[in-house]
Structure formats: C-alpha cells, structure tokens
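final.txt follows (compact mmCIF, C-alpha atoms):
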# COMPACT_ATOMS: atom_id res chain seq x y z
CA MET A 1 39.60 28.30 -13.64
CA LEU A 2 36.76 28.70 -16.15
CA LYS A 3 38.42 26.24 -18.50
CA ASN A 4 38.82 23.70 -15.72
CA TYR A 5 35.26 24.26 -14.62
CA LEU A 6 33.78 23.74 -18.06
CA GLN A 7 35.80 20.57 -18.45
CA TYR A 8 34.53 19.44 -15.08
CA LEU A 9 30.98 19.98 -16.29
CA GLY A 10 31.70 17.97 -19.43
CA PHE A 11 32.84 20.35 -22.13
CA GLU A 12 35.67 19.20 -24.40
CA LYS A 13 39.09 20.48 -23.45
CA GLY A 14 39.77 22.43 -26.64
CA ARG A 15 36.35 24.06 -26.81
CA LEU A 16 37.52 27.07 -24.87
CA ASN A 17 41.01 28.40 -25.42
CA PHE A 18 42.94 31.12 -23.66
CA ALA A 19 46.22 32.69 -24.56
CA TRP A 20 48.24 35.37 -22.84
CA LEU A 21 50.13 37.52 -25.29
CA SER A 22 51.21 41.05 -26.04
CA SER A 23 50.21 43.13 -29.06
CA ALA A 24 53.88 43.04 -30.08
CA GLU A 25 53.87 39.27 -30.46
CA ALA A 26 52.53 39.04 -34.01
CA GLU A 27 54.22 35.77 -34.88
CA ARG A 28 53.07 34.13 -31.72
CA PHE A 29 49.54 35.33 -32.37
CA VAL A 30 49.53 33.68 -35.81
CA LYS A 31 50.81 30.49 -34.29
CA ILE A 32 48.14 30.50 -31.62
CA ALA A 33 45.36 31.30 -34.09
CA ILE A 34 46.39 28.44 -36.36
CA ASN A 35 46.67 26.10 -33.42
CA THR A 36 43.26 27.10 -32.08
CA VAL A 37 41.59 26.51 -35.43
CA GLU A 38 43.26 23.11 -35.66
CA VAL A 39 42.18 22.14 -32.18
CA VAL A 40 38.59 23.16 -32.73
CA ARG A 41 38.43 21.57 -36.19
CA LYS A 42 39.59 18.30 -34.70
CA LEU A 43 36.73 18.46 -32.19
CA GLY A 44 34.14 19.02 -34.89
CA PRO A 45 30.86 20.85 -34.51
CA ALA A 46 29.62 21.33 -30.95
CA LYS A 47 26.84 18.96 -29.98
CA LYS A 48 26.40 20.11 -26.41
CA PHE A 49 24.99 23.40 -25.31
CA VAL A 50 23.55 24.25 -28.73
CA LYS A 51 20.67 26.67 -28.61
CA LYS A 52 17.65 25.95 -30.76
CA THR A 53 17.22 28.76 -33.21
CA ASN A 54 13.95 30.60 -33.62
CA ASP A 55 11.68 29.57 -36.45
CA ARG A 56 11.89 32.98 -38.02
CA ASP A 57 15.68 32.80 -38.29
CA MET B 1 19.41 16.63 29.52
CA ASN B 2 22.39 15.50 27.49
CA ASP B 3 25.47 17.25 26.14
CA THR B 4 24.49 18.64 22.77
CA GLU B 5 21.06 19.60 23.95
CA LYS B 6 22.67 21.24 26.93
CA SER B 7 25.16 23.12 24.80
CA MET B 8 22.45 24.08 22.30
CA LYS B 9 20.33 25.42 25.13
CA ARG B 10 23.34 27.21 26.54
CA ILE B 11 24.10 28.81 23.18
CA GLU B 12 20.47 29.87 22.96
CA LYS B 13 20.58 31.44 26.40
CA GLU B 14 23.84 33.22 25.62
CA ILE B 15 22.47 34.56 22.32
CA ARG B 16 19.46 36.00 24.16
CA LYS B 17 21.66 37.51 26.83
CA ILE B 18 24.01 39.14 24.33
CA ALA B 19 21.08 40.31 22.18
CA ASP B 20 19.30 41.81 25.15
CA LYS B 21 22.40 43.69 26.24
CA LEU B 22 23.17 44.99 22.73
CA LEU B 23 19.63 46.31 22.32
CA LYS B 24 19.38 47.80 25.80
CA ASP B 25 22.76 49.52 25.43
CA LYS B 26 21.50 50.87 22.10
CA LYS B 27 24.62 49.48 20.41
CA VAL B 28 22.48 48.04 17.64
CA ASN B 29 18.90 48.55 16.52
CA LEU B 30 18.39 45.26 14.75
CA ILE B 31 19.40 41.73 15.56
CA ILE B 32 19.15 39.06 12.91
CA GLY B 33 18.95 35.55 14.30
CA PHE B 34 16.70 32.53 14.18
CA GLU B 35 13.26 31.81 15.57
CA LYS B 36 11.18 28.67 15.67
CA GLY B 37 9.76 27.69 12.30
CA THR B 38 6.18 26.61 11.77
CA LEU B 39 7.20 23.04 10.99
CA PRO B 40 9.44 20.64 12.87
CA LEU B 41 13.01 20.59 11.48
CA ARG B 42 12.72 24.21 10.48
CA ALA B 43 14.06 27.42 11.97
CA ARG B 44 13.44 30.69 10.27
CA PRO B 45 15.32 33.98 10.18
CA SER B 46 14.14 36.37 12.83
CA PHE B 47 14.46 40.14 13.01
CA VAL B 48 14.51 41.43 16.54
CA ARG B 49 14.29 45.17 17.25
CA ARG B 50 13.06 45.33 20.85
CA PRO B 51 14.57 43.82 24.02
CA GLU B 52 11.16 42.23 24.81
CA GLU B 53 11.49 40.13 21.68
CA VAL B 54 14.82 38.47 22.37
CA GLU B 55 13.09 35.44 23.90
CA LYS B 56 12.04 34.54 20.36
CA LEU B 57 15.62 33.78 19.39
CA ILE B 58 16.53 30.11 19.31
CA TRP B 59 19.46 27.90 18.44
CA ASN B 60 19.41 24.30 17.23
CA SER B 61 20.72 22.08 14.43
CA PHE B 62 18.26 23.47 11.90
CA CYS B 63 19.47 27.07 11.84
CA GLU B 64 20.74 26.38 8.36
CA ASN B 65 20.30 29.68 6.52
CA ASN B 66 23.31 31.84 5.92
CA LEU B 67 22.10 35.06 7.56
CA ALA B 68 24.80 37.16 5.92
CA VAL B 69 22.50 37.12 2.91
CA TYR B 70 20.47 39.95 4.49
CA VAL B 71 23.38 42.32 4.91
CA PRO B 72 23.45 43.69 1.33
CA PHE B 73 19.72 44.47 1.66
CA TYR B 74 20.44 46.72 4.64
CA ARG B 75 23.35 48.47 2.97
CA ARG B 76 21.41 51.74 2.55
CA PHE B 77 20.30 51.76 6.17
CA LEU B 78 23.78 50.91 7.40
CA ASP B 79 25.10 53.93 5.54
CA GLN B 80 22.43 56.03 7.27
CA GLY B 81 23.73 54.94 10.64
CA ASP B 82 21.70 51.86 11.49
CA ARG B 83 23.62 49.17 13.30
CA ILE B 84 22.95 45.48 12.92
CA ALA B 85 24.03 42.51 14.97
CA LEU B 86 24.09 39.15 13.26
CA VAL B 87 23.93 35.73 14.86
CA ALA B 88 26.57 34.04 12.77
CA LYS B 89 27.97 30.55 12.32
CA GLY B 90 31.43 29.90 10.89
CA CYS B 91 30.21 30.12 7.31
CA ASP B 92 28.06 33.23 7.92
CA VAL B 93 31.11 35.01 9.28
CA ARG B 94 33.16 34.04 6.25
CA SER B 95 30.43 35.57 4.08
CA LEU B 96 30.58 38.75 6.15
CA VAL B 97 34.35 38.85 5.66
CA LEU B 98 33.76 38.57 1.91
CA HIS B 99 31.24 41.44 2.14
CA ILE B 100 33.81 43.57 3.94
CA GLN B 101 36.46 42.67 1.35
CA GLU B 102 34.07 43.65 -1.42
CA ASN B 103 33.08 46.93 0.29
CA VAL B 104 29.47 45.98 0.91
CA LEU B 105 29.88 47.07 4.49
CA LYS B 106 32.52 48.31 6.88
CA ARG B 107 33.70 46.25 9.79
CA ASN B 108 32.35 48.75 12.34
CA GLN B 109 28.86 48.68 10.84
CA ILE B 110 28.18 45.17 12.00
CA THR B 111 28.27 43.42 15.33
CA ILE B 112 28.99 39.74 14.94
CA ILE B 113 27.60 37.36 17.52
CA GLY B 114 29.78 34.37 16.68
CA ILE B 115 28.53 30.86 17.25
CA PRO B 116 30.90 27.91 16.96
CA CYS B 117 28.91 25.42 14.90
CA GLU B 118 29.23 21.68 14.63
CA GLY B 119 27.24 21.47 11.42
CA MET B 120 23.62 21.72 10.54
CA ILE B 121 21.34 18.77 9.90
CA ASP B 122 20.06 18.14 6.41
CA ARG B 123 16.30 17.75 6.77
CA ARG B 124 16.11 16.18 3.32
CA LYS B 125 18.42 13.37 4.39
CA LEU B 126 16.18 12.77 7.39
CA ALA B 127 13.07 12.89 5.24
CA ARG B 128 14.56 10.37 2.81
CA GLU B 129 15.44 8.05 5.67
CA VAL B 130 11.87 7.94 6.96
CA SER B 131 10.54 7.77 3.37
CA GLN B 132 6.88 8.77 3.20
CA ASN B 133 6.35 9.29 6.90
CA GLU B 134 5.99 12.77 8.24
CA ILE B 135 8.30 13.85 11.01
CA MET B 136 6.33 15.52 13.80
CA GLU B 137 8.86 15.88 16.56
CA VAL B 138 12.60 15.96 16.91
CA THR B 139 14.96 15.65 19.86
CA GLU B 140 18.69 16.27 19.73
CA GLU B 141 21.27 14.32 21.69
CA SER B 142 25.01 14.73 21.83
CA THR B 143 25.88 12.62 18.79
CA SER B 144 22.48 11.54 17.63
CA ILE B 145 19.07 12.81 16.75
CA ILE B 146 15.70 11.20 17.38
CA VAL B 147 12.77 11.87 15.10
CA LYS B 148 9.22 10.92 15.91
CA GLY B 149 6.11 10.79 13.82
CA ASP B 150 2.83 8.98 13.57
CA GLY B 151 3.65 5.47 14.76
CA PHE B 152 7.42 5.55 14.35
CA GLU B 153 10.50 6.69 16.16
CA LYS B 154 13.95 6.59 14.64
CA LYS B 155 17.39 7.46 15.89
CA PHE B 156 20.16 8.70 13.62
CA LYS B 157 23.81 9.42 14.14
CA ARG B 158 24.26 13.16 13.79
CA ASP B 159 27.21 12.73 11.41
CA ASP B 160 25.09 10.65 9.04
CA VAL B 161 22.50 13.32 8.48
CA LEU B 162 24.65 16.47 8.39
CA CYS B 163 24.50 18.67 5.32
CA ASN B 164 27.10 17.67 2.74
CA ASP B 165 28.67 21.09 2.93
CA CYS B 166 28.96 20.92 6.71
CA LEU B 167 30.97 17.72 6.34
CA ILE B 168 33.75 19.63 4.56
CA CYS B 169 33.54 22.73 6.76
CA THR B 170 37.00 24.01 7.66
CA HIS B 171 36.13 26.95 9.91
CA LYS B 172 33.48 25.88 12.36
CA LYS B 173 34.59 28.59 14.71
CA PRO B 174 33.98 32.15 13.44
CA VAL B 175 37.14 33.80 12.09
CA ILE B 176 36.16 37.26 13.39
CA TYR B 177 33.56 38.26 15.97
CA ASP B 178 32.59 40.91 18.51
CA GLU B 179 30.79 38.64 20.92
CA ILE B 180 31.30 34.93 20.96
CA VAL B 181 29.32 32.23 22.61
CA ASP B 182 31.93 30.36 24.48
CA VAL B 183 31.44 26.66 23.86
CA GLU B 184 33.92 24.01 22.97
CA ALA B 185 34.50 24.13 19.26
CA THR B 186 36.49 22.33 16.66
CA GLU B 187 39.39 24.51 15.62
CA LYS B 188 40.31 25.25 12.04
CA THR B 189 40.96 22.19 9.96
CA ASP B 190 42.76 21.76 6.65
CA PHE B 191 40.95 22.19 3.41
CA ILE B 192 38.92 19.12 2.54
CA GLU B 193 37.59 18.42 -0.90
CA ARG B 194 34.29 16.64 -1.12
CA ALA B 195 34.68 12.96 -1.88
CA ASP B 196 31.99 13.06 -4.55
CA ILE B 197 33.98 15.64 -6.51
CA ALA B 198 36.76 13.10 -7.12
CA ASP B 199 34.11 10.53 -8.01
CA PHE B 200 32.54 12.93 -10.44
CA GLU B 201 35.91 13.81 -11.97
CA SER B 202 36.75 10.19 -12.56
CA LYS B 203 33.72 9.80 -14.81
CA SER B 204 34.08 10.28 -18.55
CA LEU B 205 33.50 13.64 -20.18
CA GLU B 206 30.26 12.47 -21.73
CA ASP B 207 28.93 11.08 -18.47
CA ARG B 208 29.77 14.28 -16.67
CA TRP B 209 27.93 16.31 -19.27
CA LYS B 210 24.97 13.95 -19.14
CA PHE B 211 24.80 14.31 -15.37
CA PHE B 212 25.09 18.08 -15.49
CA ALA B 213 22.42 18.28 -18.20
CA LYS B 214 20.14 15.98 -16.24
CA GLU B 215 20.53 18.00 -13.04
CA THR B 216 20.02 21.40 -14.67
CA ASP B 217 17.10 20.03 -16.66
CA ARG B 218 15.04 20.20 -13.48
CA CYS B 219 15.78 23.88 -12.91
CA ILE B 220 12.58 25.93 -12.83
CA ARG B 221 14.42 29.26 -12.78
CA CYS B 222 12.90 30.27 -9.45
CA TYR B 223 16.23 31.86 -8.48
CA ALA B 224 15.98 30.56 -4.92
CA CYS B 225 19.69 29.65 -5.12
CA ARG B 226 20.51 33.21 -6.07
CA ASN B 227 18.38 34.70 -3.31
CA ALA B 228 19.71 32.35 -0.64
CA CYS B 229 23.33 33.00 -1.57
CA PRO B 230 25.13 35.70 0.42
CA SER B 231 27.65 36.18 -2.39
CA CYS B 232 24.86 36.84 -4.93
CA TYR B 233 23.97 40.45 -4.28
CA CYS B 234 24.29 42.26 -7.63
CA ASN B 235 21.75 45.08 -7.95
CA GLU B 236 20.86 43.73 -11.32
CA CYS B 237 21.47 40.06 -11.95
CA PHE B 238 22.64 39.02 -15.41
CA VAL B 239 19.44 37.00 -15.84
CA ASP B 240 17.23 40.03 -15.23
CA CYS B 241 19.15 42.32 -17.50
CA ALA B 242 17.05 43.22 -20.56
CA ARG B 243 19.48 45.51 -22.36
CA PRO B 244 21.26 43.54 -23.57
CA GLN B 245 19.44 40.35 -22.75
CA TRP B 246 22.22 37.89 -22.02
CA ILE B 247 20.09 34.85 -21.49
CA GLY B 248 16.59 33.53 -22.22
CA THR B 249 14.33 33.70 -19.19
CA THR B 250 12.13 30.66 -19.81
CA VAL B 251 12.62 26.97 -19.17
CA ASP B 252 11.80 26.03 -22.77
CA ASP B 253 15.34 25.96 -23.97
CA LYS B 254 17.55 23.65 -21.94
CA THR B 255 20.66 25.62 -22.87
CA ASP B 256 19.28 28.61 -20.96
CA LEU B 257 19.02 26.46 -17.85
CA GLN B 258 22.55 25.16 -18.34
CA LEU B 259 23.87 28.64 -19.03
CA PHE B 260 22.18 30.06 -15.94
CA GLN B 261 23.70 27.41 -13.69
CA ILE B 262 27.14 27.69 -15.27
CA ILE B 263 27.28 31.47 -15.05
CA ARG B 264 25.77 31.81 -11.58
CA THR B 265 28.06 29.19 -10.16
CA PHE B 266 31.09 30.55 -11.96
CA HIS B 267 30.41 33.97 -10.45
CA MET B 268 31.15 32.20 -7.17
CA ALA B 269 34.70 31.35 -8.20
CA GLY B 270 36.88 32.29 -5.24
CA ARG B 271 33.84 33.85 -3.53
CA CYS B 272 31.96 30.80 -2.31
CA VAL B 273 32.22 29.97 1.39
CA ASN B 274 30.65 26.52 0.94
CA CYS B 275 27.72 27.23 3.22
CA GLY B 276 25.47 25.10 1.02
CA SER B 277 22.57 27.57 1.09
CA CYS B 278 22.01 27.31 -2.67
CA THR B 279 21.61 23.56 -2.52
CA ARG B 280 19.30 23.66 0.48
CA ALA B 281 17.19 26.39 -1.08
CA CYS B 282 16.71 24.54 -4.37
CA PRO B 283 13.15 23.19 -4.49
CA MET B 284 14.13 20.82 -7.30
CA GLU B 285 17.01 19.42 -5.23
CA ILE B 286 19.68 20.16 -7.80
CA GLY B 287 23.06 19.36 -6.26
CA ILE B 288 24.47 22.81 -6.95
CA SER B 289 27.24 22.56 -4.40
CA LEU B 290 28.78 19.61 -6.23
CA PHE B 291 29.54 22.10 -8.98
CA VAL B 292 30.44 25.17 -6.91
CA ASN B 293 32.69 23.21 -4.58
CA LYS B 294 34.87 22.36 -7.56
CA LEU B 295 35.59 26.08 -7.91
CA SER B 296 36.57 26.38 -4.25
CA GLY B 297 38.82 23.37 -4.73
CA ASP B 298 40.48 25.02 -7.71
CA ALA B 299 40.94 28.29 -5.83
CA LYS B 300 42.75 26.32 -3.16
CA ARG B 301 44.78 24.22 -5.59
CA LEU B 302 45.81 27.01 -7.99
CA PHE B 303 46.07 29.99 -5.65
CA ASN B 304 46.14 28.42 -2.19
CA TYR B 305 43.17 30.58 -1.31
CA GLU B 306 40.16 30.07 0.89
CA THR B 307 37.34 32.58 0.82
CA GLY B 308 36.45 34.90 3.66
CA LEU B 309 39.24 34.48 6.18
CA ASP B 310 40.93 37.87 6.32
CA ILE B 311 39.21 41.26 5.96
CA GLU B 312 42.44 42.88 4.71
CA GLU B 313 42.83 40.47 1.85
CA LYS B 314 41.28 40.87 -1.60
CA PRO B 315 39.17 38.17 -3.23
CA VAL B 316 41.48 35.84 -5.10
CA LEU B 317 40.41 36.72 -8.64
CA ASN B 318 40.94 40.44 -7.92
CA LYS B 319 44.63 39.87 -7.42
CA TYR B 320 47.40 39.37 -9.91
CA ASN B 321 50.70 37.82 -9.15
CA GLU B 322 53.42 37.00 -11.67
CA GLU B 323 53.89 33.70 -9.96
CA ASP B 324 50.29 32.71 -10.55
CA SER B 325 49.67 29.42 -12.28
CA ASN B 326 49.32 29.55 -16.07
CA GLU B 327 47.15 26.50 -16.11
CA GLY B 328 44.64 26.56 -18.94
CA PHE B 329 46.55 29.04 -21.12
CA PHE B 330 48.06 28.25 -24.48
CA GLU B 331 51.64 27.16 -24.27
CA GLU B 332 54.15 26.85 -27.07
CA ASN B 333 54.73 23.10 -26.84
CA GLU B 334 51.22 22.16 -26.00
CA THR B 335 49.50 19.50 -28.01
CA ASN B 336 45.85 19.81 -27.21
Kindly present the structure from the file in structure tokens form.
Amino acid sequence: MLKNYLQYLGFEKGRLNFAWLSSAEAERFVKIAINTVEVVRKLGPAKKFVKKTNDRD
Amino acid sequence: MNDTEKSMKRIEKEIRKIADKLLKDKKVNLIIGFEKGTLPLRARPSFVRRPEEVEKLIWNSFCENNLAVYVPFYRRFLDQGDRIALVAKGCDVRSLVLHIQENVLKRNQITIIGIPCEGMIDRRKLAREVSQNEIMEVTEESTSIIVKGDGFEKKFKRDDVLCNDCLICTHKKPVIYDEIVDVEATEKTDFIERADIADFESKSLEDRWKFFAKETDRCIRCYACRNACPSCYCNECFVDCARPQWIGTTVDDKTDLQLFQIIRTFHMAGRCVNCGSCTRACPMEIGISLFVNKLSGDAKRLFNYETGLDIEEKPVLNKYNEEDSNEGFFEENETN
C-alpha cells in the first residue's frame, strides 16, 4: 500500500522496494540485494524530496 | 415548507426529544451535537449537559464536523463512568466503530443517536459560486439551496454543492446506533472511487509529483487536519515528538511539509472513513482527501475492506492472511 501510495504521489516505482523473505533464504537475499541496487542505480540520484542540508554540515 | 426543510426540521425535533429523554433518564451526562454557528453556513459542535439546553441542538446541511473526533478526548472520563451520547451521521458512526475496534472506547460507553444523512453542503463551493459576495442568509429546499446576500439571490442544486467526500459516501445510514431518527434514507451503496482519483492517476509521474508538491507547498503546519480527524488521536503525534525528532517543525523546508502530509495521510491507510473533515478544516484549502481517498481505494481493491463497518472486525492492516495480495513486493521474475 505504501509503495502504491508513493507512486500515486509521484515517486518513481523503484525508489522504495519491499521483499518478503526468511533468514534461511541467503541466496534469494543476495539476488534481491543485487536487483535492488540495479533498480536504484538505473533511477539515478533522487531529485524529489531531497532535504536541504544545514550550512554547518 | 418543503420536503428537505421539513425532514431537517423533523430530524432536529427528534434529536431534541431523544436528547431530552436521555438526559432526564440520567442515561448520559453529556450530549455532543450541533448548535447554530455565528455565521450563516456554519454549525458548530455543541456540548449539552442539562435538559434545559437541548433546544440549542440543531440539524441542517452544514453540520459537517465529524463529532467522533471528541471521543478520544473524553476517554479518561468514560473510564470513570461518564456516559456520552453523540449525534452521529453515517461517517461519524463509522469513526466510532473504528474507535471501538481500536479499543478507544467500549460499545456500552457511548450512546449513538444515528442520523441518516444525505450529504453535507460544501460552503467553499457555494462561496466560489458567488465569488466575492458575502452570503448572509440561506434556505434549504428538497433538492436545492437558496443563498441570499447584499443584492443577490442564487439557487443551487444540492448535488452540485455537496462536499466531494459526501458524493462518494457509501453508508449514509449509520451502521450501528442506539437511537435512530427515522427518516427515509439511502441504503448502503457499493464502494465508489472518486472520479478525480482516476484523472490524477492518468497523469504522468512528474505531473503528479508537481501537483502534490504544489498542494503541500501551501501547508502552514497548523495541524487543523490532524485535530479535525477522528482517526488522528495519538497521545503524542510524530510531528510533536522531540526525542527523536522525526521531522522538522517549520515551513522553511518544503520536504518537511511533504513528509508531514505523506506520513499523516498514510497513517490513515485502512482507517479513513472518508468523512472529509481534514479537507474542510484546512485553511489553505489543500485537497487532502484526494490523497487519502486513494488509500481507501487501495484497501478496498487489495483487501476488499471498508473502514468502520463491524465492531468485531480488526482494522485491515492489523490482520494477516496468507491469501493477501503480494502486490508491491519483490518477485523472482520481476523486471522493475
């Protein structure tokens, strides 16, 4: 629901990713992690919803 | 006198009669209803404790507040034995059902005076229609409403000036009640999604974001939406929390405004009864319900759930079912 909602408000589809897996599914975890990185890399840096950082930072 | 006016007057009379009886029989010590507001087109919440005061109570097409919002405030007193009666429309009752589901109150702690409601009139729509002119007087007819002001008189079809949320109302008749004002009422209808949601969805991602950013840009963080919302009753709201501070509290950074709106509305997922109180309360006229209604639509589409219909049921996101939709989760063959 959150993913749908954010898309509805105009966030890119791959910006938020969920996966449902067990701690025993190591291989699947690797696969998902690689996939997630790929998806996000393809999207590039976020341009929306970026907080201005403080001057002292 | 015509039909609607007659039935409005009848409802008003009935409310007073029921209220009087409840107070005299000492069944309740507080009745929350509506009284005349100081301006035309306004009715304001009224708290009646003595039988002499019941004549204050009114009923018309401007009793727009969701009165269930007061129930969490009285929680402590309810637990001490106070009893409250609430004059409640279809949506108010659904909020009460949600409160019962979420253990804010017990069913026997509240007396519901149910009012079948044919929708409330959006005073902003009326105001827009008469542009700069001030409305001084208003008369209701069965399917129309006449507004008068300095040098003008205009008649509107009731359906044209109803609140957007009332147009998609599915339970005009209260789902539970102790006393009900017996007038003809539209029975339950099927779930309707707002037409402008489909319109909004058909826009491009960028346009949607632009619109959302433009709307939330106006937010002044007055929290009127939060205070008007019966589902928003956390003792400490995430925006007020200082340890840790989740979110900036100023309007300087636009992302704080966006974050506030996203999080507050998302907290309504599966808990919103579409009463439209947030939108009506917003002084900046942000169309909040366009966003929240999407969540209600998703709750219906994914889980076939509508909020606040059955006191035995749990809120939809508190339940888990193996058959639940996996939409939005990573799947093996997915190409994002």
Can you build me a table of chain A residues sitting at most 10 Å from chain B, with the closest atom pair per residue and its distance in Å to one decimal, using all atoms listed in the file, sorted by chain and residue number, as JSON lines?
{"residue": "A:Met1", "atom": "CA", "partner": "B:Asp298", "partner_atom": "CA", "distance": 6.8}
{"residue": "A:Leu2", "atom": "CA", "partner": "B:Phe266", "partner_atom": "CA", "distance": 7.3}
{"residue": "A:Lys3", "atom": "CA", "partner": "B:Gly328", "partner_atom": "CA", "distance": 6.2}
{"residue": "A:Asn4", "atom": "CA", "partner": "B:Gly328", "partner_atom": "CA", "distance": 7.2}
{"residue": "A:Tyr5", "atom": "CA", "partner": "B:Leu295", "partner_atom": "CA", "distance": 7.0}
{"residue": "A:Leu6", "atom": "CA", "partner": "B:Ile262", "partner_atom": "CA", "distance": 8.2}
{"residue": "A:Gln7", "atom": "CA", "partner": "B:Leu205", "partner_atom": "CA", "distance": 7.5}
{"residue": "A:Tyr8", "atom": "CA", "partner": "B:Glu201", "partner_atom": "CA", "distance": 6.6}
{"residue": "A:Leu9", "atom": "CA", "partner": "B:Trp209", "partner_atom": "CA", "distance": 5.6}
{"residue": "A:Gly10", "atom": "CA", "partner": "B:Trp209", "partner_atom": "CA", "distance": 4.1}
{"residue": "A:Phe11", "atom": "CA", "partner": "B:Trp209", "partner_atom": "CA", "distance": 7.0}
{"residue": "A:Glu12", "atom": "CA", "partner": "B:Leu205", "partner_atom": "CA", "distance": 7.3}
{"residue": "A:Lys13", "atom": "CA", "partner": "B:Asn336", "partner_atom": "CA", "distance": 7.8}
{"residue": "A:Gly14", "atom": "CA", "partner": "B:Asn336", "partner_atom": "CA", "distance": 6.6}
{"residue": "A:Leu16", "atom": "CA", "partner": "B:Gly328", "partner_atom": "CA", "distance": 9.3}
{"residue": "A:Asn17", "atom": "CA", "partner": "B:Phe329", "partner_atom": "CA", "distance": 7.0}
{"residue": "A:Phe18", "atom": "CA", "partner": "B:Phe329", "partner_atom": "CA", "distance": 4.9}
{"residue": "A:Ala19", "atom": "CA", "partner": "B:Phe330", "partner_atom": "CA", "distance": 4.8}
{"residue": "A:Trp20", "atom": "CA", "partner": "B:Phe329", "partner_atom": "CA", "distance": 6.8}
{"residue": "A:Leu21", "atom": "CA", "partner": "B:Phe330", "partner_atom": "CA", "distance": 9.5}
{"residue": "A:Arg28", "atom": "CA", "partner": "B:Glu332", "partner_atom": "CA", "distance": 8.7}
{"residue": "A:Lys31", "atom": "CA", "partner": "B:Glu332", "partner_atom": "CA", "distance": 8.7}
{"residue": "A:Ile32", "atom": "CA", "partner": "B:Phe330", "partner_atom": "CA", "distance": 7.5}
{"residue": "A:Asn35", "atom": "CA", "partner": "B:Asn336", "partner_atom": "CA", "distance": 8.9}
{"residue": "A:Thr36", "atom": "CA", "partner": "B:Phe330", "partner_atom": "CA", "distance": 9.1}
{"residue": "A:Glu38", "atom": "CA", "partner": "B:Asn336", "partner_atom": "CA", "distance": 9.4}
{"residue": "A:Val39", "atom": "CA", "partner": "B:Asn336", "partner_atom": "CA", "distance": 6.6}
{"residue": "A:Val40", "atom": "CA", "partner": "B:Asn336", "partner_atom": "CA", "distance": 9.7}
{"residue": "A:Lys42", "atom": "CA", "partner": "B:Asn336", "partner_atom": "CA", "distance": 9.9}
{"residue": "A:Lys48", "atom": "CA", "partner": "B:Trp209", "partner_atom": "CA", "distance": 8.2}
{"residue": "A:Phe49", "atom": "CA", "partner": "B:Thr255", "partner_atom": "CA", "distance": 5.4}
{"residue": "A:Val50", "atom": "CA", "partner": "B:Thr255", "partner_atom": "CA", "distance": 6.7}
{"residue": "A:Lys51", "atom": "CA", "partner": "B:Thr255", "partner_atom": "CA", "distance": 5.8}
{"residue": "A:Lys52", "atom": "CA", "partner": "B:Asp253", "partner_atom": "CA", "distance": 7.2}
{"residue": "A:Thr53", "atom": "CA", "partner": "B:Asp253", "partner_atom": "CA", "distance": 9.8}
Contacts of Ala127 of chain B at 12 Å (all atoms listed in the file; same-chain gap of 3+ positions) as a list of chain:residue names: B:Pro40, B:Leu41, B:Ile121, B:Asp122, B:Arg123, B:Arg124, B:Val130, B:Ser131, B:Gln132, B:Asn133, B:Glu134, B:Ile135, B:Met136, B:Val147, B:Lys148, B:Gly149, B:Lys154, B:Phe156, B:Val161
Near-Tyr233 of chain B list (12 Å; only C-alpha atoms; drop same-chain fewer than 4 positions) as number ranges by chain: B: 68-75, 95, 98-99, 102, 104, 225-229, 237-238, 264, 267-268, 271
Atom pair atom CA of Arg76 of chain B / atom CA of Glu52 of chain B: separation (Å):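 Between atom CA of Arg76 of chain B and atom CA of Glu52 of chain B the gap is 26.3 Å.
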Who sits within 7 Å of segment 4-13 of chain B, all atoms listed in the file, same chain under 5 positions skipped, as a PyMOL selection string: chain B and resi 58-60+140-142+181
d(atom CA of Lys314 of chain B, atom CA of Val87 of chain B) in Å: 24.5 Å
Emit as lines of an AutoDock Vina configuration file the padded axis-aligned box for all listed atoms of segment 21-38 of chain A, 4 Å per side, with centre and edge lengths in Å to one decimal.
center_x = 47.9
center_y = 33.1
center_z = -30.8
size_x = 20.6
size_y = 28.0
size_z = 19.1
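Contact shell of Leu67 of chain B at 8 Å (all atoms listed in the file; same-chain neighbours under 4 positions omitted): Ile32, Gly33, Pro45, Val71, Leu86, Val87, Ala88, Asp92 and Pro230 of chain B.
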